[in-house]
>>> print(open('work19.cif').read())   # mmCIF, C-alpha atoms
data_protein
loop_
_atom_site.label_atom_id
_atom_site.label_comp_id
_atom_site.auth_asym_id
_atom_site.auth_seq_id
_atom_site.Cartn_x
_atom_site.Cartn_y
_atom_site.Cartn_z
CA MET A 216 124.76 88.86 74.30
CA THR A 217 123.46 92.06 75.90
CA LEU A 218 123.25 92.05 79.68
CA ARG A 219 119.99 93.45 81.05
CA VAL A 220 121.01 95.45 84.11
CA ALA A 221 119.07 97.10 86.94
CA ILE A 222 120.46 99.66 89.40
CA ALA A 223 119.33 99.76 93.04
CA GLY A 224 120.05 103.13 94.65
CA CYS A 225 120.32 106.52 92.95
CA GLY A 226 122.14 108.51 95.62
CA TYR A 227 125.44 110.41 95.50
CA PHE A 228 127.82 107.63 94.45
CA SER A 229 125.32 105.99 92.12
CA ARG A 230 125.95 108.78 89.61
CA PHE A 231 129.38 107.26 88.93
CA HIS A 232 127.78 103.86 88.39
CA GLN A 233 125.18 105.39 86.08
CA ASP A 234 127.90 107.11 84.04
CA ALA A 235 129.86 103.87 83.77
CA TRP A 236 126.84 101.89 82.59
CA SER A 237 125.93 104.60 80.08
CA ARG A 238 129.23 103.86 78.29
CA MET A 239 129.24 100.10 78.71
CA GLU A 240 129.17 98.02 75.55
CA GLY A 241 127.25 94.79 75.93
CA ALA A 242 124.90 96.06 78.63
CA GLN A 243 121.53 97.83 78.80
CA ILE A 244 119.98 99.48 81.86
CA VAL A 245 116.37 98.30 82.05
CA GLY A 246 115.39 99.65 85.46
CA VAL A 247 116.39 101.78 88.44
CA THR A 248 115.04 102.02 91.95
CA ASP A 249 115.22 104.53 94.79
CA ARG A 250 112.83 105.68 97.50
CA ASP A 251 113.31 109.27 96.30
CA ALA A 252 111.08 109.82 93.25
CA GLY A 253 113.18 112.68 91.91
CA LYS A 254 116.41 110.68 92.05
CA ARG A 255 114.97 107.57 90.45
CA ASP A 256 113.21 109.48 87.68
CA ALA A 257 116.38 111.45 86.90
CA ALA A 258 118.40 108.25 86.71
CA ALA A 259 115.84 106.46 84.54
CA ALA A 260 115.84 109.38 82.11
CA LEU A 261 119.50 108.69 81.34
CA PHE A 262 118.71 105.31 79.79
CA SER A 263 116.33 104.78 76.90
CA GLY A 264 113.48 102.49 77.90
CA ALA A 265 114.53 102.17 81.55
CA ARG A 266 111.74 101.94 84.12
CA ALA A 267 111.77 103.62 87.54
CA PHE A 268 110.63 101.77 90.68
CA GLU A 269 110.23 102.75 94.31
CA ASP A 270 110.81 99.20 95.53
CA ALA A 271 113.78 97.04 94.50
CA GLU A 272 112.01 93.72 94.94
CA ALA A 273 109.16 94.92 92.72
CA MET A 274 111.72 95.89 90.08
CA LEU A 275 113.37 92.47 90.25
CA GLU A 276 110.02 90.70 89.99
CA ALA A 277 108.81 92.83 87.08
CA LEU A 278 111.98 92.96 85.02
CA ARG A 279 113.94 89.79 85.90
CA PRO A 280 117.25 91.42 84.86
CA ASP A 281 120.46 89.46 84.30
CA LEU A 282 122.33 91.62 86.80
CA ILE A 283 121.55 94.10 89.55
CA ASP A 284 124.05 96.76 90.60
CA ILE A 285 123.41 97.47 94.31
CA VAL A 286 124.46 101.03 95.24
CA THR A 287 122.75 101.47 98.60
CA PRO A 288 123.99 101.82 102.22
CA PRO A 289 125.45 98.68 103.88
CA GLY A 290 122.47 97.99 106.13
CA THR A 291 120.23 97.37 103.12
CA HIS A 292 122.49 94.90 101.30
CA ARG A 293 121.38 91.62 102.84
CA ALA A 294 117.71 92.02 101.91
CA LEU A 295 118.61 93.08 98.37
CA VAL A 296 121.04 90.17 97.91
CA GLU A 297 118.44 87.73 99.19
CA ALA A 298 115.81 89.15 96.82
CA ALA A 299 118.15 88.95 93.83
CA ALA A 300 119.56 85.52 94.70
CA SER A 301 116.08 84.02 95.08
CA ARG A 302 115.38 85.03 91.48
CA GLY A 303 118.72 83.89 90.08
CA VAL A 304 119.86 87.46 89.37
CA LYS A 305 123.61 88.10 89.36
CA MET A 306 124.84 90.93 91.56
CA ILE A 307 127.42 93.65 92.00
CA CYS A 308 127.18 95.02 95.55
CA GLN A 309 128.82 98.17 96.86
CA LYS A 310 131.14 97.93 99.84
CA PRO A 311 131.07 97.74 102.78
CA LEU A 312 129.22 94.52 101.99
CA ALA A 313 127.60 94.57 105.44
CA PRO A 314 127.93 96.32 108.80
CA THR A 315 129.56 93.23 110.39
CA TYR A 316 131.74 90.34 109.27
CA ASP A 317 129.14 87.74 110.27
CA GLU A 318 126.48 89.45 108.17
CA ALA A 319 128.88 89.75 105.22
CA GLU A 320 129.65 86.04 105.49
CA ALA A 321 125.91 85.30 105.54
CA ILE A 322 125.40 87.44 102.43
CA VAL A 323 128.15 85.58 100.58
CA GLY A 324 126.55 82.31 101.70
CA VAL A 325 123.17 83.36 100.28
CA ALA A 326 124.69 83.99 96.86
CA GLU A 327 126.77 80.81 96.89
CA LYS A 328 123.81 78.65 97.97
CA ALA A 329 121.74 80.10 95.12
CA GLY A 330 124.62 79.57 92.68
CA VAL A 331 124.60 83.19 91.47
CA MET A 332 127.52 85.57 91.02
CA LEU A 333 128.13 88.14 93.75
CA ALA A 334 130.84 90.67 92.93
CA VAL A 335 131.80 93.33 95.47
CA HIS A 336 132.27 96.82 94.06
CA GLU A 337 135.87 97.19 95.23
CA ASN A 338 136.96 99.96 92.89
CA PHE A 339 140.30 101.25 94.25
CA ARG A 340 142.30 98.41 92.70
CA PHE A 341 140.90 99.57 89.34
CA MET A 342 142.26 103.10 89.77
CA PRO A 343 144.70 103.50 86.86
CA TRP A 344 147.65 104.48 89.07
CA PHE A 345 147.31 101.29 91.11
CA VAL A 346 146.89 99.20 87.95
CA GLU A 347 150.07 100.75 86.54
CA THR A 348 151.89 100.38 89.87
CA HIS A 349 151.00 96.68 89.87
CA ARG A 350 152.34 96.31 86.33
CA LEU A 351 155.57 98.09 87.23
CA ILE A 352 156.11 96.04 90.38
CA GLN A 353 155.49 92.82 88.48
CA GLY A 354 157.98 93.99 85.87
CA GLY A 355 160.68 94.50 88.48
CA ALA A 356 160.73 98.31 88.44
CA VAL A 357 161.59 98.52 92.16
CA GLY A 358 163.27 95.15 92.52
CA ARG A 359 162.02 93.13 95.49
CA PRO A 360 159.32 95.21 97.27
CA LEU A 361 160.24 95.89 100.89
CA ASN A 362 157.84 98.61 102.05
CA ILE A 363 154.54 100.13 100.98
CA THR A 364 152.99 103.27 102.49
CA PHE A 365 149.74 105.03 101.74
CA ARG A 366 148.91 108.37 103.38
CA LEU A 367 145.13 108.94 103.09
CA ARG A 368 144.50 112.68 103.09
CA PRO A 369 141.12 113.60 101.52
CA GLY A 370 140.64 116.61 103.81
CA ASP A 371 136.86 116.20 103.85
CA GLY A 372 136.19 115.40 107.50
CA GLN A 373 136.20 118.72 109.34
CA GLY A 374 133.32 120.45 111.07
CA PRO A 375 129.70 119.62 111.95
CA GLU A 376 128.68 119.36 108.28
CA ALA A 377 131.29 116.73 107.41
CA TYR A 378 129.96 114.23 104.81
CA LEU A 379 126.34 115.45 105.11
CA SER A 380 126.08 116.82 101.57
CA ARG A 381 127.47 113.63 100.05
CA GLN A 382 126.97 110.52 102.18
CA PRO A 383 125.33 111.59 105.47
CA TYR A 384 125.22 108.05 106.87
CA PHE A 385 129.01 108.33 107.27
CA GLN A 386 128.45 110.34 110.47
CA ALA A 387 126.52 107.51 112.12
CA MET A 388 128.83 104.60 111.25
CA PRO A 389 130.29 103.13 114.48
CA ARG A 390 133.29 101.98 112.44
CA PHE A 391 134.28 104.51 109.82
CA LEU A 392 137.85 105.12 108.63
CA ILE A 393 138.85 101.49 108.23
CA HIS A 394 135.43 99.95 107.54
CA GLU A 395 134.38 102.49 104.92
CA THR A 396 137.67 103.64 103.36
CA GLY A 397 140.70 101.82 104.77
CA ILE A 398 139.42 98.49 103.49
CA HIS A 399 140.03 99.83 99.96
CA LEU A 400 143.71 100.14 100.82
CA ILE A 401 143.76 96.71 102.44
CA ASP A 402 142.63 95.35 99.07
CA VAL A 403 145.15 97.53 97.18
CA PHE A 404 148.01 96.44 99.44
CA ARG A 405 147.13 92.78 98.83
CA TYR A 406 146.86 93.46 95.08
CA LEU A 407 150.28 95.11 94.98
CA LEU A 408 152.37 93.14 97.51
CA GLY A 409 150.49 89.90 98.18
CA GLU A 410 148.88 88.41 101.26
CA ILE A 411 148.75 90.24 104.59
CA THR A 412 149.64 88.07 107.59
CA GLY A 413 149.47 90.45 110.55
CA VAL A 414 148.45 93.94 111.71
CA PHE A 415 149.05 96.47 114.47
CA ALA A 416 146.71 99.46 114.69
CA ARG A 417 146.16 102.74 116.50
CA LEU A 418 142.81 104.41 115.69
CA ARG A 419 141.27 107.67 116.92
CA ARG A 420 138.33 110.01 116.42
CA ILE A 421 139.09 113.68 115.78
CA ASN A 422 135.71 115.08 114.70
CA PRO A 423 133.27 114.77 117.64
CA VAL A 424 130.17 114.92 115.43
CA ILE A 425 130.84 111.51 113.91
CA LYS A 426 130.42 108.22 115.71
CA GLY A 427 133.40 106.27 114.36
CA GLU A 428 137.13 106.78 113.98
CA ASP A 429 138.42 109.20 111.33
CA ALA A 430 142.20 108.87 111.75
CA GLY A 431 144.65 106.10 112.46
CA LEU A 432 147.86 104.23 111.75
CA VAL A 433 147.95 100.57 110.72
CA VAL A 434 151.14 98.54 110.27
CA PHE A 435 150.92 95.43 108.06
CA ASP A 436 153.12 92.35 107.75
CA PHE A 437 153.12 90.53 104.40
CA ALA A 438 153.78 86.86 103.68
CA SER A 439 156.65 87.98 101.44
CA GLY A 440 158.43 89.61 104.38
CA ALA A 441 157.53 93.13 103.22
CA ALA A 442 156.01 95.72 105.57
CA GLY A 443 153.19 98.19 105.01
CA LEU A 444 151.83 101.35 106.62
CA PHE A 445 148.38 102.86 106.18
CA ASP A 446 148.37 106.38 107.61
CA GLY A 447 144.83 107.75 107.38
CA ASN A 448 143.51 111.14 108.45
CA ARG A 449 140.34 112.59 106.92
CA HIS A 450 140.95 116.03 108.49
CA VAL A 451 144.04 116.97 106.50
CA ASP A 452 144.63 117.20 102.77
CA HIS A 453 147.50 116.81 100.31
CA PRO A 454 148.63 118.74 97.21
CA SER A 455 146.03 118.09 94.49
CA ASP A 456 143.36 119.84 92.45
CA ASP A 457 140.94 117.20 93.77
CA THR A 458 142.00 115.62 97.04
CA ARG A 459 139.46 112.80 96.62
CA MET A 460 140.85 111.71 93.26
CA THR A 461 143.79 109.67 94.58
CA ASN A 462 142.72 110.33 98.21
CA GLY A 463 146.39 110.54 99.17
CA VAL A 464 149.90 109.53 98.21
CA LEU A 465 151.61 106.15 97.78
CA LEU A 466 155.20 105.05 98.20
CA VAL A 467 156.52 101.61 97.20
CA GLU A 468 160.15 100.96 98.14
CA GLY A 469 162.19 98.01 96.99
CA ASP A 470 165.77 96.86 96.95
CA GLY A 471 166.08 98.19 93.39
CA GLY A 472 164.21 101.46 93.50
CA VAL A 473 161.26 103.56 94.65
CA LEU A 474 157.87 104.25 93.07
CA ARG A 475 155.84 107.28 94.17
CA LEU A 476 152.25 108.39 93.43
CA ASP A 477 151.27 112.03 93.96
CA GLY A 478 147.86 113.68 94.32
CA TYR A 479 147.59 114.42 90.60
CA GLY A 480 147.74 110.77 89.55
CA ARG A 481 151.37 111.07 88.49
CA LEU A 482 153.84 108.25 89.07
CA PHE A 483 157.55 108.81 89.67
CA LEU A 484 160.33 106.21 89.56
CA ARG A 485 163.79 106.35 91.08
CA LYS A 486 166.30 103.55 90.69
CA LEU A 487 168.59 102.74 93.61
CA ARG A 488 171.06 105.63 94.07
CA GLY A 489 169.55 107.33 91.00
CA GLU A 490 167.47 110.42 90.27
CA GLU A 491 163.66 110.47 90.30
CA SER A 492 161.82 110.89 86.98
CA GLU A 493 158.16 110.87 86.04
CA HIS A 494 156.79 107.65 84.59
CA ALA A 495 154.31 108.53 81.84
CA TYR A 496 151.21 106.38 81.38
CA ALA A 497 147.75 106.92 79.94
CA TRP A 498 144.59 107.13 82.02
CA GLN A 499 141.08 108.57 81.81
CA ASP A 500 140.42 111.64 83.97
CA ARG A 501 136.70 111.05 84.29
CA GLY A 502 134.21 110.13 86.97
CA TYR A 503 135.63 109.03 90.29
CA GLY A 504 139.25 108.03 90.89
CA GLY A 505 140.50 107.95 87.32
CA ASP A 506 137.33 106.27 86.05
CA CYS A 507 137.78 103.31 88.40
CA VAL A 508 134.03 102.68 88.63
CA TYR A 509 133.98 102.05 84.90
CA GLY A 510 137.06 99.85 85.22
CA GLN A 511 135.49 97.72 87.95
CA THR A 512 132.19 97.46 86.09
CA ARG A 513 133.93 96.61 82.81
CA HIS A 514 135.78 93.82 84.60
CA VAL A 515 132.52 92.25 85.79
CA VAL A 516 130.93 92.54 82.35
CA GLU A 517 133.99 90.90 80.75
CA HIS A 518 133.79 88.12 83.32
CA LEU A 519 130.17 87.46 82.38
CA THR A 520 130.60 87.81 78.62
CA SER A 521 134.13 86.51 78.04
CA GLY A 522 134.81 84.32 81.05
CA ILE A 523 137.83 86.16 82.46
CA PRO A 524 138.45 85.31 86.14
CA LEU A 525 136.58 87.53 88.60
CA VAL A 526 138.99 89.15 91.09
CA ASN A 527 136.38 90.74 93.35
CA ASP A 528 133.87 88.01 94.16
CA GLY A 529 132.19 87.93 97.55
CA ARG A 530 134.30 85.12 98.95
CA ALA A 531 137.54 86.97 98.09
CA TYR A 532 136.18 90.12 99.74
CA LEU A 533 135.73 88.25 103.03
CA ARG A 534 139.52 88.04 103.35
CA ASN A 535 139.66 91.85 103.24
CA PHE A 536 136.94 91.97 105.87
CA ALA A 537 138.81 89.49 108.08
CA ILE A 538 141.87 91.73 107.93
CA GLU A 539 139.65 94.71 108.80
CA GLU A 540 138.37 92.82 111.84
CA ALA A 541 141.97 92.19 112.90
CA VAL A 542 142.71 95.92 112.60
CA TYR A 543 139.87 96.82 114.97
CA ARG A 544 140.81 94.02 117.36
CA SER A 545 144.41 95.23 117.39
CA ALA A 546 143.31 98.79 118.15
CA GLU A 547 141.02 97.62 120.95
CA ASP A 548 143.55 95.24 122.53
CA GLY A 549 146.66 97.32 121.90
CA ARG A 550 148.58 94.39 120.42
CA PHE A 551 149.83 92.86 117.19
CA ILE A 552 147.33 90.46 115.61
CA THR A 553 148.50 87.53 113.49
CA ILE A 554 146.03 86.65 110.73
#
>>> encode(input="work19.cif", output="structure tokens")
Amino acid sequence: MTLRVAIAGCGYFSRFHQDAWSRMEGAQIVGVTDRDAGKRDAAAALFSGARAFEDAEAMLEALRPDLIDIVTPPGTHRALVEAAASRGVKMICQKPLAPTYDEAEAIVGVAEKAGVMLAVHENFRFMPWFVETHRLIQGGAVGRPLNITFRLRPGDGQGPEAYLSRQPYFQAMPRFLIHETGIHLIDVFRYLLGEITGVFARLRRINPVIKGEDAGLVVFDFASGAAGLFDGNRHVDHPSDDTRMTNGVLLVEGDGGVLRLDGYGRLFLRKLRGEESEHAYAWQDRGYGGDCVYGQTRHVVEHLTSGIPLVNDGRAYLRNFAIEEAVYRSAEDGRFITI
């Protein structure tokens, strides 16, 4: 079975989706859409026989693909999901799924009512260092996990031109650091240490040209009794050849040892009272974040072709969004929020 796939949106991040699909066995890109003629024609040229459309609904009507990969800004997602769901077309939708929780819940409801798959493009958990960290934790490499910390340091948020060359809508988002980026780490924390049961947050805006927050600290409680800290600041960087590859550094501490991720994708292990040593593992230095877009897309294709369980369906994503809402409520109220 070959999946017939269409791509909606040919902007900056879509290039990583296009690259992933170009290497995907069992799938064929049949159409692309974007309001910018140059972008859609350039994307269509990458795939033999693919057609370029200005309007997504026209593409869906003309091609009736098996799957549409939605790579457009959050405010456009609901209309695209409704158009695809009404035609029985399965969907992968970029995050944030919607500007608000209520709209995200409505989007998930549209897909569920139509009985069609909606996967959310939550790619951080498919970054190879997080996949390997999960494997090591499950194998007991640090014993019982007690603490997890991620320091987000992409260093891309300074000055009046921040984000304009890449994703200019970032500047206008009323909720930014957590809604656009921190939610990735919410999902990663849940993937690595289990369910989050409470949060306490302090958020702030450093760059005056953007509307939302671009720095903050969030403390997490886990059902296991572990504790987490997300320390995000888009103004400062960390040692790396590409600060947006890992986006920062990770530390997982347990009663049997410590696991550390650096900005080069390297993992280091130290047993309790022992010396730290590098843990070697294989990963693909391609695309974005260790080829995580390919990893996420491959997972969805394998779900559709082989029946493996889907870890990033729309309903599951709503839990991440609910935790995000608790983070903002905590920051606004200045109190710990139990989830």
>>> residues_around(input="work19.cif", residues="A:Arg359", least_positions_apart="4", cutoff="10 Å", atoms="all atoms listed in the file", output="list in words")
Ile352, Gln353, Gly355, Leu408, Ser439, Ala441, Glu468, Gly469, Asp470, Gly471 and Gly472 of chain A
>>> residues_around(input="work19.cif", residues="stretch 315-324 of chain A", least_positions_apart="5", cutoff="7 Å", atoms="only C-alpha atoms", output="PyMOL selection string")
chain A and resi 293+296+529-530+533+536
>>> residues_around(input="work19.cif", residues="A:Tyr532", least_positions_apart="4", cutoff="10 Å", atoms="all atoms listed in the file", output="number ranges by chain")
A: 310-312, 319-320, 323, 334-337, 398, 402, 526-528, 536-537
>>> resolve_selection(input="work19.cif", expression="the PyMOL selection byres ((chain A and resi 456) around 8)", output="ChimeraX atom specification")
/A:454-455,457-458,478-479
>>> closest_residue(input="work19.cif", among="A:Val464, A:Val424, A:Gly397, A:Asp452", to="A:Phe483", atoms="all atoms listed in the file")
A:Val464
>>> resolve_selection(input="work19.cif", expression="the PyMOL selection byres ((chain A and resi 519) around 12)", output="PyMOL selection string")
chain A and resi 216-219+241-242+281-282+305-307+331-334+512-518+520-525
>>> resolve_selection(input="work19.cif", expression="the PyMOL selection byres ((chain A and resi 485) around 10)", output="list in words")
Ala356, Val357, Glu468, Gly471, Gly472, Val473, Leu474, Arg475, Phe483, Leu484, Lys486, Leu487, Arg488, Gly489, Glu490, Glu491, Ser492, Glu493 and His494 of chain A
>>> atom_distance(input="work19.cif", atom1="atom CA of A:Val245", atom2="atom CA of A:Gly226")
17.9 Å
>>> residues_near_point(input="work19.cif", point="(119.7, 89.3, 88.5)", cutoff="12 Å", atoms="only C-alpha atoms", output="PyMOL selection string")
chain A and resi 218-223+245-246+271-272+274-285+295-308+326+329-333
>>> atom_distance(input="work19.cif", atom1="atom CA of A:Leu465", atom2="atom CA of A:Pro423")
28.4 Å
>>> closest_residue(input="work19.cif", among="A:Thr396, A:Thr364, A:Asn462, A:Gln386", to="A:Lys426", atoms="all atoms listed in the file")
A:Gln386
>>> residues_around(input="work19.cif", residues="stretch 411-419 of chain A", least_positions_apart="6", cutoff="7 Å", atoms="all atoms listed in the file", output="PDB file with C-alpha atoms, keeping the file's coordinate frame")
ATOM      1  CA  ARG A 405     147.130  92.780  98.830  1.00  0.00           C
ATOM      2  CA  GLU A 428     137.130 106.780 113.980  1.00  0.00           C
ATOM      3  CA  ASP A 429     138.420 109.200 111.330  1.00  0.00           C
ATOM      4  CA  ALA A 430     142.200 108.870 111.750  1.00  0.00           C
ATOM      5  CA  GLY A 431     144.650 106.100 112.460  1.00  0.00           C
ATOM      6  CA  LEU A 432     147.860 104.230 111.750  1.00  0.00           C
ATOM      7  CA  VAL A 433     147.950 100.570 110.720  1.00  0.00           C
ATOM      8  CA  VAL A 434     151.140  98.540 110.270  1.00  0.00           C
ATOM      9  CA  PHE A 435     150.920  95.430 108.060  1.00  0.00           C
ATOM     10  CA  ASP A 436     153.120  92.350 107.750  1.00  0.00           C
ATOM     11  CA  PHE A 437     153.120  90.530 104.400  1.00  0.00           C
ATOM     12  CA  ALA A 438     153.780  86.860 103.680  1.00  0.00           C
ATOM     13  CA  ALA A 541     141.970  92.190 112.900  1.00  0.00           C
ATOM     14  CA  VAL A 542     142.710  95.920 112.600  1.00  0.00           C
ATOM     15  CA  SER A 545     144.410  95.230 117.390  1.00  0.00           C
ATOM     16  CA  ALA A 546     143.310  98.790 118.150  1.00  0.00           C
ATOM     17  CA  ARG A 550     148.580  94.390 120.420  1.00  0.00           C
ATOM     18  CA  PHE A 551     149.830  92.860 117.190  1.00  0.00           C
ATOM     19  CA  ILE A 552     147.330  90.460 115.610  1.00  0.00           C
ATOM     20  CA  THR A 553     148.500  87.530 113.490  1.00  0.00           C
ATOM     21  CA  ILE A 554     146.030  86.650 110.730  1.00  0.00           C
TER      22      ILE A 554
END
>>> closest_atom_pairs(input="work19.cif", of="stretch 318-341 of chain A", to="stretch 500-511 of chain A", cutoff="7 Å", atoms="only C-alpha atoms", output="CSV")
residue,atom,partner,partner_atom,distance
A:His336,CA,A:Gln511,CA,7.0
A:Asn338,CA,A:Gln511,CA,5.6
A:Phe339,CA,A:Cys507,CA,6.7
A:Phe341,CA,A:Cys507,CA,5.0
>>> closest_residue(input="work19.cif", among="A:Leu361, A:Pro369, A:Thr461, A:Ala495", to="A:Ala442", atoms="all atoms listed in the file")
A:Leu361
>>> atom_distance(input="work19.cif", atom1="atom CA of A:Ala252", atom2="atom CA of A:Ala235")
21.9 Å
>>> closest_residue(input="work19.cif", among="A:Ile425, A:Pro360, A:Arg250, A:Asp446", to="A:Leu379", atoms="all atoms listed in the file")
A:Ile425
>>> axis_aligned_box(input="work19.cif", around="stretch 468-475 of chain A", padding_each_side="4 Å", output="AutoDock Vina command-line options")
--center_x 161.0 --center_y 102.1 --center_z 95.6 --size_x 18.2 --size_y 18.4 --size_z 13.1
>>> residues_around(input="work19.cif", residues="A:Arg255", least_positions_apart="5", cutoff="12 Å", atoms="only C-alpha atoms", output="list in words")
Ala221, Ile222, Ala223, Gly224, Cys225, Gly226, Tyr227, Ser229, Arg230, Gln233, Gly246, Val247, Thr248, Asp249, Arg250, Ala260, Leu261, Phe262, Ala265, Arg266, Ala267, Phe268, Glu269, Asp270 and Ala271 of chain A
